[in-house]
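Okay, my_file.cif now, which holds mmCIF, C-alpha atoms, pLDDT in the B column; chains and numbers go by the auth columns:
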data_protein
loop_
_atom_site.group_PDB
_atom_site.id
_atom_site.type_symbol
_atom_site.label_atom_id
_atom_site.label_comp_id
_atom_site.label_asym_id
_atom_site.label_seq_id
_atom_site.Cartn_x
_atom_site.Cartn_y
_atom_site.Cartn_z
_atom_site.B_iso_or_equiv
_atom_site.auth_seq_id
_atom_site.auth_asym_id
ATOM 1 C CA ALA A 1 -93.357 70.056 137.678 45.00 278 A
ATOM 2 C CA MET A 2 -89.645 70.311 138.366 50.00 279 A
ATOM 3 C CA GLN A 3 -88.845 68.033 135.417 55.00 280 A
ATOM 4 C CA GLY A 4 -90.779 70.313 133.080 54.00 281 A
ATOM 5 C CA GLU A 5 -89.142 73.449 134.492 52.00 282 A
ATOM 6 C CA ALA A 6 -85.667 71.940 134.264 58.00 283 A
ATOM 7 C CA ALA A 7 -86.199 70.668 130.761 85.00 284 A
ATOM 8 C CA TRP A 8 -87.468 73.918 129.261 95.00 285 A
ATOM 9 C CA ALA A 9 -85.055 76.293 131.001 96.00 286 A
ATOM 10 C CA GLU A 10 -81.974 74.316 130.023 95.00 287 A
ATOM 11 C CA ARG A 11 -83.297 73.542 126.532 94.00 288 A
ATOM 12 C CA THR A 12 -83.923 77.231 125.939 96.00 289 A
ATOM 13 C CA PHE A 13 -80.938 78.951 127.561 97.00 290 A
ATOM 14 C CA GLY A 14 -78.340 76.244 127.990 95.00 291 A
ATOM 15 C CA HIS A 15 -77.116 74.934 131.304 94.00 292 A
ATOM 16 C CA LEU A 16 -76.233 78.168 133.138 97.00 293 A
ATOM 17 C CA LEU A 17 -77.735 81.574 133.779 98.00 294 A
ATOM 18 C CA CYS A 18 -75.706 84.358 135.375 98.00 295 A
ATOM 19 C CA ARG A 19 -76.401 87.381 137.569 98.00 296 A
ATOM 20 C CA PRO A 20 -74.961 90.899 137.262 97.00 297 A
ATOM 21 C CA ASP A 21 -72.312 90.047 139.878 97.00 298 A
ATOM 22 C CA GLY A 22 -71.043 87.295 137.559 95.00 299 A
ATOM 23 C CA SER A 23 -72.201 84.361 139.694 97.00 300 A
ATOM 24 C CA CYS A 24 -73.910 81.618 137.669 98.00 301 A
ATOM 25 C CA ALA A 25 -76.228 78.722 138.524 97.00 302 A
ATOM 26 C CA LYS A 26 -78.301 76.050 136.792 96.00 303 A
ATOM 27 C CA ALA A 27 -80.947 77.666 134.605 96.00 304 A
ATOM 28 C CA SER A 28 -83.759 75.555 136.078 94.00 305 A
ATOM 29 C CA GLU A 29 -82.792 76.535 139.646 95.00 306 A
ATOM 30 C CA VAL A 30 -82.534 80.235 138.843 95.00 307 A
ATOM 31 C CA LEU A 31 -85.929 80.258 137.089 96.00 308 A
ATOM 32 C CA LYS A 32 -87.725 77.981 139.540 94.00 309 A
ATOM 33 C CA GLY A 33 -91.104 79.381 140.582 94.00 310 A
ATOM 34 C CA LYS A 34 -90.984 82.362 138.175 96.00 311 A
ATOM 35 C CA GLU A 35 -94.369 83.086 136.633 96.00 312 A
ATOM 36 C CA LEU A 36 -93.195 84.917 133.499 97.00 313 A
ATOM 37 C CA VAL A 37 -89.719 84.840 131.937 98.00 314 A
ATOM 38 C CA ALA A 38 -88.928 87.414 129.237 98.00 315 A
ATOM 39 C CA THR A 39 -85.994 86.769 126.914 98.00 316 A
ATOM 40 C CA TYR A 40 -84.461 90.082 125.894 98.00 317 A
ATOM 41 C CA PHE A 41 -82.460 89.993 122.651 98.00 318 A
ATOM 42 C CA SER A 42 -80.376 93.164 122.528 98.00 319 A
ATOM 43 C CA GLY A 43 -77.038 94.493 121.292 96.00 320 A
ATOM 44 C CA SER A 44 -74.749 97.468 121.852 94.00 321 A
ATOM 45 C CA TRP A 45 -74.879 98.384 118.150 93.00 322 A
ATOM 46 C CA CYS A 46 -78.682 98.748 118.289 94.00 323 A
ATOM 47 C CA GLY A 47 -79.826 102.328 118.939 94.00 324 A
ATOM 48 C CA TYR A 48 -83.427 101.294 119.587 96.00 325 A
ATOM 49 C CA CYS A 49 -82.201 98.899 122.284 96.00 326 A
ATOM 50 C CA ALA A 50 -80.551 101.776 124.149 95.00 327 A
ATOM 51 C CA ARG A 51 -83.931 103.515 124.262 96.00 328 A
ATOM 52 C CA PHE A 52 -85.890 100.361 125.123 97.00 329 A
ATOM 53 C CA SER A 53 -83.661 99.031 127.937 97.00 330 A
ATOM 54 C CA PRO A 54 -84.647 101.746 130.473 97.00 331 A
ATOM 55 C CA LEU A 55 -88.354 101.030 129.852 97.00 332 A
ATOM 56 C CA LEU A 56 -87.803 97.316 130.418 98.00 333 A
ATOM 57 C CA GLU A 57 -85.677 98.020 133.491 98.00 334 A
ATOM 58 C CA ALA A 58 -88.437 100.184 135.009 97.00 335 A
ATOM 59 C CA LEU A 59 -90.910 97.323 134.473 97.00 336 A
ATOM 60 C CA TYR A 60 -88.423 94.828 135.913 98.00 337 A
ATOM 61 C CA ARG A 61 -87.927 96.878 139.075 97.00 338 A
ATOM 62 C CA ALA A 62 -91.675 97.465 139.493 97.00 339 A
ATOM 63 C CA LEU A 63 -92.751 93.801 139.427 97.00 340 A
ATOM 64 C CA PRO A 64 -91.921 91.180 142.102 97.00 341 A
ATOM 65 C CA ARG A 65 -89.176 88.718 141.154 95.00 342 A
ATOM 66 C CA ASP A 66 -91.389 85.651 141.488 95.00 343 A
ATOM 67 C CA LYS A 67 -93.798 87.147 138.958 96.00 344 A
ATOM 68 C CA PHE A 68 -91.374 88.443 136.324 97.00 345 A
ATOM 69 C CA GLU A 69 -87.784 87.654 135.336 98.00 346 A
ATOM 70 C CA VAL A 70 -85.715 88.847 132.387 98.00 347 A
ATOM 71 C CA VAL A 71 -82.951 86.859 130.681 98.00 348 A
ATOM 72 C CA TYR A 72 -80.662 89.013 128.553 98.00 349 A
ATOM 73 C CA VAL A 73 -79.244 87.468 125.382 98.00 350 A
ATOM 74 C CA ALA A 74 -76.410 89.594 124.008 97.00 351 A
ATOM 75 C CA CYS A 75 -76.432 89.836 120.211 97.00 352 A
ATOM 76 C CA GLY A 76 -73.228 90.790 118.417 94.00 353 A
ATOM 77 C CA ASP A 77 -71.523 92.358 121.459 95.00 354 A
ATOM 78 C CA SER A 78 -67.755 92.338 121.871 96.00 355 A
ATOM 79 C CA PRO A 79 -66.509 90.804 125.151 96.00 356 A
ATOM 80 C CA ALA A 80 -66.062 94.324 126.591 97.00 357 A
ATOM 81 C CA GLU A 81 -69.580 95.393 125.564 97.00 358 A
ATOM 82 C CA PHE A 82 -70.964 92.155 126.953 97.00 359 A
ATOM 83 C CA GLN A 83 -69.192 92.791 130.264 97.00 360 A
ATOM 84 C CA HIS A 84 -70.634 96.314 130.438 96.00 361 A
ATOM 85 C CA ASN A 85 -74.191 95.316 129.438 95.00 362 A
ATOM 86 C CA THR A 86 -74.433 92.381 131.820 97.00 363 A
ATOM 87 C CA THR A 87 -73.033 94.137 134.899 96.00 364 A
ATOM 88 C CA THR A 88 -74.905 97.470 134.640 96.00 365 A
ATOM 89 C CA ARG A 89 -78.436 96.040 134.251 96.00 366 A
ATOM 90 C CA PRO A 90 -80.285 94.204 137.026 97.00 367 A
ATOM 91 C CA TRP A 91 -81.431 91.069 135.217 98.00 368 A
ATOM 92 C CA LEU A 92 -80.058 87.612 134.432 98.00 369 A
ATOM 93 C CA HIS A 93 -78.030 86.813 131.317 98.00 370 A
ATOM 94 C CA VAL A 94 -76.776 83.815 129.368 98.00 371 A
ATOM 95 C CA PRO A 95 -72.960 83.401 129.301 98.00 372 A
ATOM 96 C CA TYR A 96 -71.062 85.030 126.429 97.00 373 A
ATOM 97 C CA GLU A 97 -70.309 81.825 124.506 96.00 374 A
ATOM 98 C CA THR A 98 -73.955 80.738 124.772 97.00 375 A
ATOM 99 C CA SER A 99 -75.171 84.135 123.577 96.00 376 A
ATOM 100 C CA LYS A 100 -73.050 83.793 120.418 94.00 377 A
ATOM 101 C CA ARG A 101 -74.704 80.444 119.715 95.00 378 A
ATOM 102 C CA ILE A 102 -78.352 81.327 120.437 96.00 379 A
ATOM 103 C CA GLY A 103 -78.579 85.122 119.922 97.00 380 A
ATOM 104 C CA TYR A 104 -79.690 87.161 116.937 96.00 381 A
ATOM 105 C CA VAL A 105 -77.127 87.584 114.144 93.00 382 A
ATOM 106 C CA ARG A 106 -77.529 90.580 111.826 92.00 383 A
ATOM 107 C CA ARG A 107 -78.283 89.895 108.179 90.00 384 A
ATOM 108 C CA SER A 108 -75.072 91.673 107.104 88.00 385 A
ATOM 109 C CA GLU A 109 -73.098 89.280 109.315 90.00 386 A
ATOM 110 C CA ARG A 110 -74.945 86.261 107.976 91.00 387 A
ATOM 111 C CA GLU A 111 -74.558 87.255 104.342 91.00 388 A
ATOM 112 C CA GLY A 112 -71.167 88.935 104.548 90.00 389 A
ATOM 113 C CA ARG A 113 -69.428 86.466 106.839 90.00 390 A
ATOM 114 C CA GLY A 114 -71.551 83.374 106.316 87.00 391 A
ATOM 115 C CA LEU A 115 -72.594 83.197 109.980 88.00 392 A
ATOM 116 C CA GLN A 116 -75.638 81.157 111.025 89.00 393 A
ATOM 117 C CA GLN A 117 -78.633 82.761 112.695 93.00 394 A
ATOM 118 C CA GLY A 118 -78.583 81.962 116.426 94.00 395 A
ATOM 119 C CA THR A 119 -80.710 78.958 117.361 95.00 396 A
ATOM 120 C CA LEU A 120 -83.053 80.670 119.853 97.00 397 A
ATOM 121 C CA ALA A 121 -83.453 83.753 117.650 96.00 398 A
ATOM 122 C CA ALA A 122 -84.253 81.529 114.669 95.00 399 A
ATOM 123 C CA LYS A 123 -86.752 79.440 116.630 95.00 400 A
ATOM 124 C CA HIS A 124 -88.759 82.524 117.620 95.00 401 A
ATOM 125 C CA ASN A 125 -88.395 84.330 114.269 94.00 402 A
ATOM 126 C CA VAL A 126 -86.491 87.272 115.712 96.00 403 A
ATOM 127 C CA GLU A 127 -86.100 89.607 112.719 92.00 404 A
ATOM 128 C CA ALA A 128 -84.818 92.769 114.427 94.00 405 A
ATOM 129 C CA LEU A 129 -83.696 94.161 117.770 97.00 406 A
ATOM 130 C CA PRO A 130 -84.770 94.847 120.412 97.00 407 A
ATOM 131 C CA SER A 131 -86.889 91.729 120.731 98.00 408 A
ATOM 132 C CA LEU A 132 -88.707 90.421 123.807 98.00 409 A
ATOM 133 C CA VAL A 133 -90.091 86.877 123.812 98.00 410 A
ATOM 134 C CA VAL A 134 -92.174 86.171 126.929 98.00 411 A
ATOM 135 C CA PHE A 135 -92.457 82.590 128.232 97.00 412 A
ATOM 136 C CA ARG A 136 -94.578 80.982 130.927 95.00 413 A
ATOM 137 C CA GLY A 137 -92.143 80.053 133.676 94.00 414 A
ATOM 138 C CA GLN A 138 -94.001 76.859 134.448 92.00 415 A
ATOM 139 C CA ASP A 139 -93.491 75.106 131.121 93.00 416 A
ATOM 140 C CA GLY A 140 -91.737 77.464 128.706 95.00 417 A
ATOM 141 C CA SER A 141 -94.733 77.918 126.414 94.00 418 A
ATOM 142 C CA VAL A 142 -94.711 81.232 124.529 96.00 419 A
ATOM 143 C CA VAL A 143 -96.989 83.974 125.863 96.00 420 A
ATOM 144 C CA THR A 144 -95.958 86.458 123.165 96.00 421 A
ATOM 145 C CA SER A 145 -93.115 86.891 120.698 95.00 422 A
ATOM 146 C CA ASP A 146 -93.840 90.624 120.492 94.00 423 A
ATOM 147 C CA GLY A 147 -93.451 91.551 124.151 96.00 424 A
ATOM 148 C CA ARG A 148 -91.545 94.681 123.151 97.00 425 A
ATOM 149 C CA LEU A 149 -94.781 96.239 121.872 95.00 426 A
ATOM 150 C CA ASP A 150 -96.423 95.766 125.279 96.00 427 A
ATOM 151 C CA VAL A 151 -93.630 97.499 127.212 97.00 428 A
ATOM 152 C CA ASN A 152 -95.207 100.841 126.658 92.00 429 A
ATOM 153 C CA PRO A 153 -94.848 103.946 128.859 92.00 430 A
ATOM 154 C CA ASN A 154 -98.605 104.514 128.549 94.00 431 A
ATOM 155 C CA LEU A 155 -99.329 101.241 130.384 95.00 432 A
ATOM 156 C CA SER A 156 -98.646 100.700 134.077 96.00 433 A
ATOM 157 C CA PRO A 157 -96.430 97.742 135.084 96.00 434 A
ATOM 158 C CA ASN A 158 -99.519 95.969 136.456 96.00 435 A
ATOM 159 C CA GLU A 159 -101.399 96.486 133.182 96.00 436 A
ATOM 160 C CA ILE A 160 -98.506 94.988 131.202 97.00 437 A
ATOM 161 C CA TYR A 161 -98.283 92.084 133.644 96.00 438 A
ATOM 162 C CA ALA A 162 -102.065 91.510 133.458 95.00 439 A
ATOM 163 C CA ARG A 163 -101.930 91.529 129.658 95.00 440 A
ATOM 164 C CA TRP A 164 -99.270 88.802 129.652 96.00 441 A
ATOM 165 C CA THR A 165 -100.816 86.648 132.367 94.00 442 A
ATOM 166 C CA SER A 166 -104.221 86.727 130.673 90.00 443 A
ATOM 167 C CA ALA A 167 -102.541 85.781 127.368 84.00 444 A
ATOM 168 C CA ALA A 168 -100.808 82.926 129.191 77.00 445 A
ATOM 169 C CA ARG A 169 -104.204 81.670 130.380 76.00 446 A
ATOM 170 C CA THR A 170 -105.928 82.022 126.984 68.00 447 A
ATOM 171 C CA PRO A 171 -104.953 79.095 124.763 56.00 448 A
ATOM 172 C CA THR A 172 -106.170 80.783 121.558 47.00 449 A
ATOM 173 C CA LEU A 173 -103.809 83.721 122.048 45.00 450 A
ATOM 174 C CA GLN A 174 -100.817 81.683 123.115 42.00 451 A
ATOM 175 C CA SER A 175 -99.333 80.546 119.838 42.00 452 A
ATOM 176 C CA THR A 176 -96.987 82.943 118.053 42.00 453 A
ATOM 177 C CA THR A 177 -99.241 82.886 115.010 42.00 454 A
ATOM 178 C CA MET A 178 -102.628 84.030 116.287 41.00 455 A
ATOM 179 C CA GLY A 179 -105.206 81.242 116.041 39.00 456 A
ATOM 180 C CA PRO A 180 -108.113 81.704 113.613 39.00 457 A
ATOM 181 C CA TRP A 181 -108.984 85.418 113.699 39.00 458 A
ATOM 182 C CA TRP A 182 -112.500 84.679 114.938 40.00 459 A
ATOM 183 C CA GLN A 183 -111.131 82.959 118.058 43.00 460 A
ATOM 184 C CA ALA A 184 -109.072 85.987 118.999 47.00 461 A
ATOM 185 C CA GLY A 185 -111.932 88.268 117.935 46.00 462 A
ATOM 186 C CA GLY A 186 -114.415 86.189 119.921 45.00 463 A
ATOM 187 C CA VAL A 187 -112.370 86.558 123.076 47.00 464 A
ATOM 188 C CA LEU A 188 -112.187 90.341 122.593 48.00 465 A
ATOM 189 C CA VAL A 189 -115.920 90.586 121.813 46.00 466 A
ATOM 190 C CA ALA A 190 -116.730 88.519 124.930 47.00 467 A
ATOM 191 C CA LEU A 191 -114.533 90.786 127.054 52.00 468 A
ATOM 192 C CA GLY A 192 -116.246 93.829 125.537 53.00 469 A
ATOM 193 C CA LEU A 193 -119.722 92.411 126.349 50.00 470 A
ATOM 194 C CA VAL A 194 -118.718 91.602 129.917 47.00 471 A
ATOM 195 C CA GLY A 195 -117.358 95.140 130.259 53.00 472 A
ATOM 196 C CA SER A 196 -120.548 96.739 128.929 54.00 473 A
ATOM 197 C CA VAL A 197 -122.758 94.578 131.198 48.00 474 A
ATOM 198 C CA LEU A 198 -120.675 95.557 134.232 56.00 475 A
ATOM 199 C CA ARG A 199 -120.799 99.224 133.223 58.00 476 A
ATOM 200 C CA SER A 200 -124.577 99.178 132.750 56.00 477 A
ATOM 201 C CA ARG A 201 -125.000 97.494 136.175 60.00 478 A
ATOM 202 C CA GLY A 202 -122.732 100.062 137.740 61.00 479 A
ATOM 203 C CA GLY A 203 -124.984 102.733 136.287 52.00 480 A
ATOM 204 C CA SER A 204 -122.015 104.733 134.987 43.00 481 A
#
Represent the structure of the file as structure tokens.
Amino acid sequence: AMQGEAAWAERTFGHLLCRPDGSCAKASEVLKGKELVATYFSGSWCGYCARFSPLLEALYRALPRDKFEVVYVACGDSPAEFQHNTTTRPWLHVPYETSKRIGYVRRSEREGRGLQQGTLAAKHNVEALPSLVVFRGQDGSVVTSDGRLDVNPNLSPNEIYARWTSAARTPTLQSTTMGPWWQAGGVLVALGLVGSVLRSRGGS
């Protein structure tokens, strides 16, 4: 399993991941044994990100570290903004130079200055910020590319976690493009039937 973990972590984030105190270690070692790893694409210029970060931080603090880790990918931050954003939040981050290579690049920057879209952002079709791509820690397969929509104040941390872990276990829901609609629908219908059977047995 270690080979798979090492391969995906380093392929995805580059060699090193760093902590808020600035210490860095091999990506595969830092992510070893993590069940879910969320990649958070965010930038200082993004007003929505400023509102989303506290929600994500509350979720991060509520779930155990072996179950849920966040890797912050700075997008378009100056070195000073990067320094601020990576030291004031509790999660891991990719180094500044790596973030410039893999992070999201705004359309105005791409068109105006001829910059390339970052490799990781391009791979997961990140079109806007904030963006949260959730991976299975075991093998780096994508649980959801729209994790941001699940980090919702109306859901408890355990409900969000359950949603992602069940998606990670359901092959039809795993790909970023939902499988045939009937597969996804079939799963939901089956869950609905199970729920109604249990309710009728419970007599409620």
Explicit residues for the PyMOL selection byres ((chain A and resi 294) around 6) (as a PyMOL selection string): chain A and resi 293+295+301-302+304+370-371
Distance of CA of Trp285 (chain A) from CA of Asp416 (chain A), expressed in Å to one decimal place: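 Separating CA of Asp416 (chain A) from CA of Trp285 (chain A) is a distance of 6.4 Å.
Those residues returned by the PyMOL selection byres ((chain A and resi 298) around 12) for this file are Leu294, Cys295, Arg296, Pro297, Gly299, Ser300, Cys301, Gln360, His361, Asn362, Thr363, Thr364, Thr365, Arg366, Pro367, Trp368, Leu369 and His370 of chain A.
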Which residues, written as an mmCIF file with C-alpha atoms, in the frame of the given file, have at least one atom at most 10 Å from Phe359 (chain A), with all atoms listed in the file counted and residues fewer than 6 positions away on the same chain left out?
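The resulting file, selection-v3.cif, is reproduced below:
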data_model
loop_
_atom_site.group_PDB
_atom_site.id
_atom_site.type_symbol
_atom_site.label_atom_id
_atom_site.label_comp_id
_atom_site.auth_asym_id
_atom_site.auth_seq_id
_atom_site.Cartn_x
_atom_site.Cartn_y
_atom_site.Cartn_z
ATOM 1 C CA GLY A 320 -77.038 94.493 121.292
ATOM 2 C CA SER A 321 -74.749 97.468 121.852
ATOM 3 C CA VAL A 350 -79.244 87.468 125.382
ATOM 4 C CA ALA A 351 -76.410 89.594 124.008
ATOM 5 C CA CYS A 352 -76.432 89.836 120.211
ATOM 6 C CA GLY A 353 -73.228 90.790 118.417
ATOM 7 C CA HIS A 370 -78.030 86.813 131.317
ATOM 8 C CA PRO A 372 -72.960 83.401 129.301
ATOM 9 C CA TYR A 373 -71.062 85.030 126.429
ATOM 10 C CA SER A 376 -75.171 84.135 123.577
#
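Once the PyMOL selection byres ((chain A and resi 440) around 12) is applied to the shown structure, the selection contains A:Leu313, A:Val411, A:Val420, A:Thr421, A:Gly424, A:Leu426, A:Asp427, A:Val428, A:Asn429, A:Leu432, A:Ser433, A:Pro434, A:Asn435, A:Glu436, A:Ile437, A:Tyr438, A:Ala439, A:Trp441, A:Thr442, A:Ser443, A:Ala444, A:Ala445, A:Arg446, A:Thr447, A:Leu450, A:Gln451.
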Best match for closeness to Ala398 (chain A) among A:Phe290, A:Tyr325, A:Phe318, A:Tyr337, counting only C-alpha atoms: A:Phe318
Selection near Arg383 (chain A), 10 Å with only C-alpha atoms, sequence-local residues under 5 positions removed, as a PyMOL selection string: chain A and resi 352-353+388-389+392-395+404-406
Atoms kept (C-alpha atoms) for selection, written as a compact mmCIF listing (two decimals), in the frame of the given file:
# COMPACT_ATOMS: atom_id res chain seq x y z
CA CYS A 352 -76.43 89.84 120.21
CA GLY A 353 -73.23 90.79 118.42
CA GLU A 388 -74.56 87.26 104.34
CA GLY A 389 -71.17 88.94 104.55
CA LEU A 392 -72.59 83.20 109.98
CA GLN A 393 -75.64 81.16 111.02
CA GLN A 394 -78.63 82.76 112.70
CA GLY A 395 -78.58 81.96 116.43
CA GLU A 404 -86.10 89.61 112.72
CA ALA A 405 -84.82 92.77 114.43
CA LEU A 406 -83.70 94.16 117.77
Residue nearest Glu306 (chain A) - candidates A:Tyr349, A:His292, A:Arg342, A:Asn431, atoms counted: all atoms listed in the file: A:His292
Counting only C-alpha atoms, the option among A:Cys323, A:Ala399, A:Asp354, A:Ser418 closest to Lys377 (chain A):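 Smallest separation from Lys377 (chain A) among the options: A:Asp354.
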Gap from CA of Glu312 (chain A) to CA of Pro341 (chain A) - Å, one decimal: 10.1 Å
Best match for closeness to Glu346 (chain A) among A:Thr316, A:Gln415, A:Thr375, A:Asn402, counting only C-alpha atoms: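 Going through A:Thr316, A:Gln415, A:Thr375, A:Asn402 one by one, the smallest distance to Glu346 (chain A) is for A:Thr316.
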Using all atoms listed in the file: which of A:Ala327, A:Ile379, A:Glu374, A:Gly414 has the shortest distance to Leu397 (chain A): A:Ile379
